[in-house]
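Novice: One structure follows; several queries about it will come next.
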Amino acid sequence: MRKLNASSLPLFPSVEIPQHLAWWFLTLFNLSLLLGCGDGTSSASGTVTIDGEPVASGMITFVKSEGELVREGAIIKDGAFQAQLPPGNYKIELNAQKVVSTRKQKGFDGKDEEVPITEELFPEPYNTKTTLTTKIDRGPNNVKLDIKTKK
C-alpha cells in the first residue's frame, strides 16, 4: 500500500480552461462581490429637537415593526444621531434625562456633594408608548424629529 502525504496530493487537478473563459469567470466573480454581497444595512442619520431646542444628550432606538426582531440604538449628542440598521418600518423610542432638582449627600470621601435629580425628558408617546414611526430604505436616510410638548 502506498503512503500519501500532503505533498503528493495535487491541490488543483490539471484542467484546461480557455483564457477568454477564465477572464469571463473572474469578471463575474468580481461583479458578484460588488453587487450582491452587501450586508443589507442602511444608515439613518438626523436630528432630534424638543420644543425647538436640540436634545443635548440621549438615546434613540429603532424597533422593527414587522419581520424579524431588530432593535438598534444610537446616541443623541447635541441634537444629532447616526445609526446602521436593515431597511424596513420602525417604531422610534426616544430617551433623555433632564435635571429637575438637586440634593446633598455624602460622597465617598465623606464630604457633602450636590447630586442632580433627573426625570425622563420625553413624554410616554415618544418613549415607552411611542407613536413615532419611520420607514428606512436602502442606503442613507435622513430622519428629522421635532417633538412638541408645549402648546
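Every chain in the C-alpha cells has a letter given in the order shown (A, B, ...), and although residue numbers restart at 1 in each chain, ligands are simply numbered from 1 in the order shown.
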Taking 3 positions as the minimum chain separation for residues in the same chain, which residues sit within 8 Å of Val99 of chain A when counting only C-alpha atoms? Answer as a VMD selection string.

Specialist: chain A and resid 102 116 to 119

Novice: Dump N, CA and C atoms for the selected residues as a PDB file, in the first residue's frame?

Specialist:
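Produced file out03.pdb, reproduced below:
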```
ATOM      1  N   THR A 102     -31.811  69.187  42.779  1.00  0.00           N
ATOM      2  CA  THR A 102     -30.572  68.598  43.290  1.00  0.00           C
ATOM      3  C   THR A 102     -30.783  68.243  44.759  1.00  0.00           C
ATOM      4  N   PRO A 116     -27.494  65.712  41.124  1.00  0.00           N
ATOM      5  CA  PRO A 116     -28.709  66.081  40.378  1.00  0.00           C
ATOM      6  C   PRO A 116     -29.782  64.997  40.475  1.00  0.00           C
ATOM      7  N   ILE A 117     -31.027  65.427  40.509  1.00  0.00           N
ATOM      8  CA  ILE A 117     -32.170  64.521  40.449  1.00  0.00           C
ATOM      9  C   ILE A 117     -32.782  64.716  39.067  1.00  0.00           C
ATOM     10  N   THR A 118     -32.934  63.608  38.337  1.00  0.00           N
ATOM     11  CA  THR A 118     -33.389  63.698  36.945  1.00  0.00           C
ATOM     12  C   THR A 118     -34.699  62.951  36.740  1.00  0.00           C
ATOM     13  N   GLU A 119     -35.348  63.273  35.637  1.00  0.00           N
ATOM     14  CA  GLU A 119     -36.523  62.521  35.193  1.00  0.00           C
ATOM     15  C   GLU A 119     -36.496  62.481  33.671  1.00  0.00           C
TER      16      GLU A 119
END
```

Novice: Neighbouring residues of Lys135 of chain A were defined as those with any atom within 10 Å, considering only C-alpha atoms; residues of the same chain fewer than 2 positions away were excluded. Please report them as a JSON list (two decimals) with N, CA and C atoms, in the first residue's frame.

Specialist:
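Contents of out-v6.json, as written:
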```json
[["chain", "number", "residue", "atom", "x", "y", "z"],
["A", 64, "LYS", "N", -37.94, 47.42, 14.84],
["A", 64, "LYS", "CA", -38.58, 47.00, 13.59],
["A", 64, "LYS", "C", -40.01, 46.54, 13.85],
["A", 65, "SER", "N", -40.94, 47.00, 13.00],
["A", 65, "SER", "CA", -42.37, 46.74, 13.18],
["A", 65, "SER", "C", -42.83, 45.41, 12.62],
["A", 87, "PRO", "N", -33.15, 47.84, 6.20],
["A", 87, "PRO", "CA", -34.34, 48.54, 5.71],
["A", 87, "PRO", "C", -35.61, 47.95, 6.31],
["A", 88, "GLY", "N", -36.65, 48.78, 6.46],
["A", 88, "GLY", "CA", -37.93, 48.32, 6.98],
["A", 88, "GLY", "C", -38.68, 49.43, 7.67],
["A", 89, "ASN", "N", -39.82, 49.08, 8.25],
["A", 89, "ASN", "CA", -40.65, 50.02, 9.01],
["A", 89, "ASN", "C", -40.29, 49.89, 10.49],
["A", 90, "TYR", "N", -40.15, 51.04, 11.15],
["A", 90, "TYR", "CA", -39.69, 51.06, 12.53],
["A", 90, "TYR", "C", -40.54, 51.96, 13.40],
["A", 91, "LYS", "N", -40.65, 51.59, 14.68],
["A", 91, "LYS", "CA", -41.12, 52.49, 15.73],
["A", 91, "LYS", "C", -39.85, 53.16, 16.27],
["A", 133, "THR", "N", -43.07, 56.72, 14.12],
["A", 133, "THR", "CA", -42.71, 55.66, 13.18],
["A", 133, "THR", "C", -41.94, 56.27, 12.01],
["A", 137, "ASP", "N", -35.27, 53.09, 4.11],
["A", 137, "ASP", "CA", -34.99, 52.49, 2.81],
["A", 137, "ASP", "C", -33.52, 52.12, 2.72],
["A", 141, "ASN", "N", -30.57, 57.50, 4.92],
["A", 141, "ASN", "CA", -31.89, 58.04, 5.24],
["A", 141, "ASN", "C", -31.72, 59.20, 6.21],
["A", 143, "VAL", "N", -33.62, 61.39, 9.07],
["A", 143, "VAL", "CA", -34.77, 61.36, 9.98],
["A", 143, "VAL", "C", -34.71, 62.61, 10.85]]
```

Novice: What's around segment 44-50 of chain A at 8 Å? Count only C-alpha atoms, leave out sequence neighbours fewer than 2 positions away in its own chain, and write the answer as a list in words.

Specialist: Ser42, Gly52, Glu53, Pro54, Val55, Ile76, Gly79, Ala80, Phe81, Gln82, Ala83, Gln84, Leu85, Ile136, Pro140, Asn141, Asn142, Val143, Lys144, Leu145, Asp146, Ile147, Lys148 and Thr149 of chain A
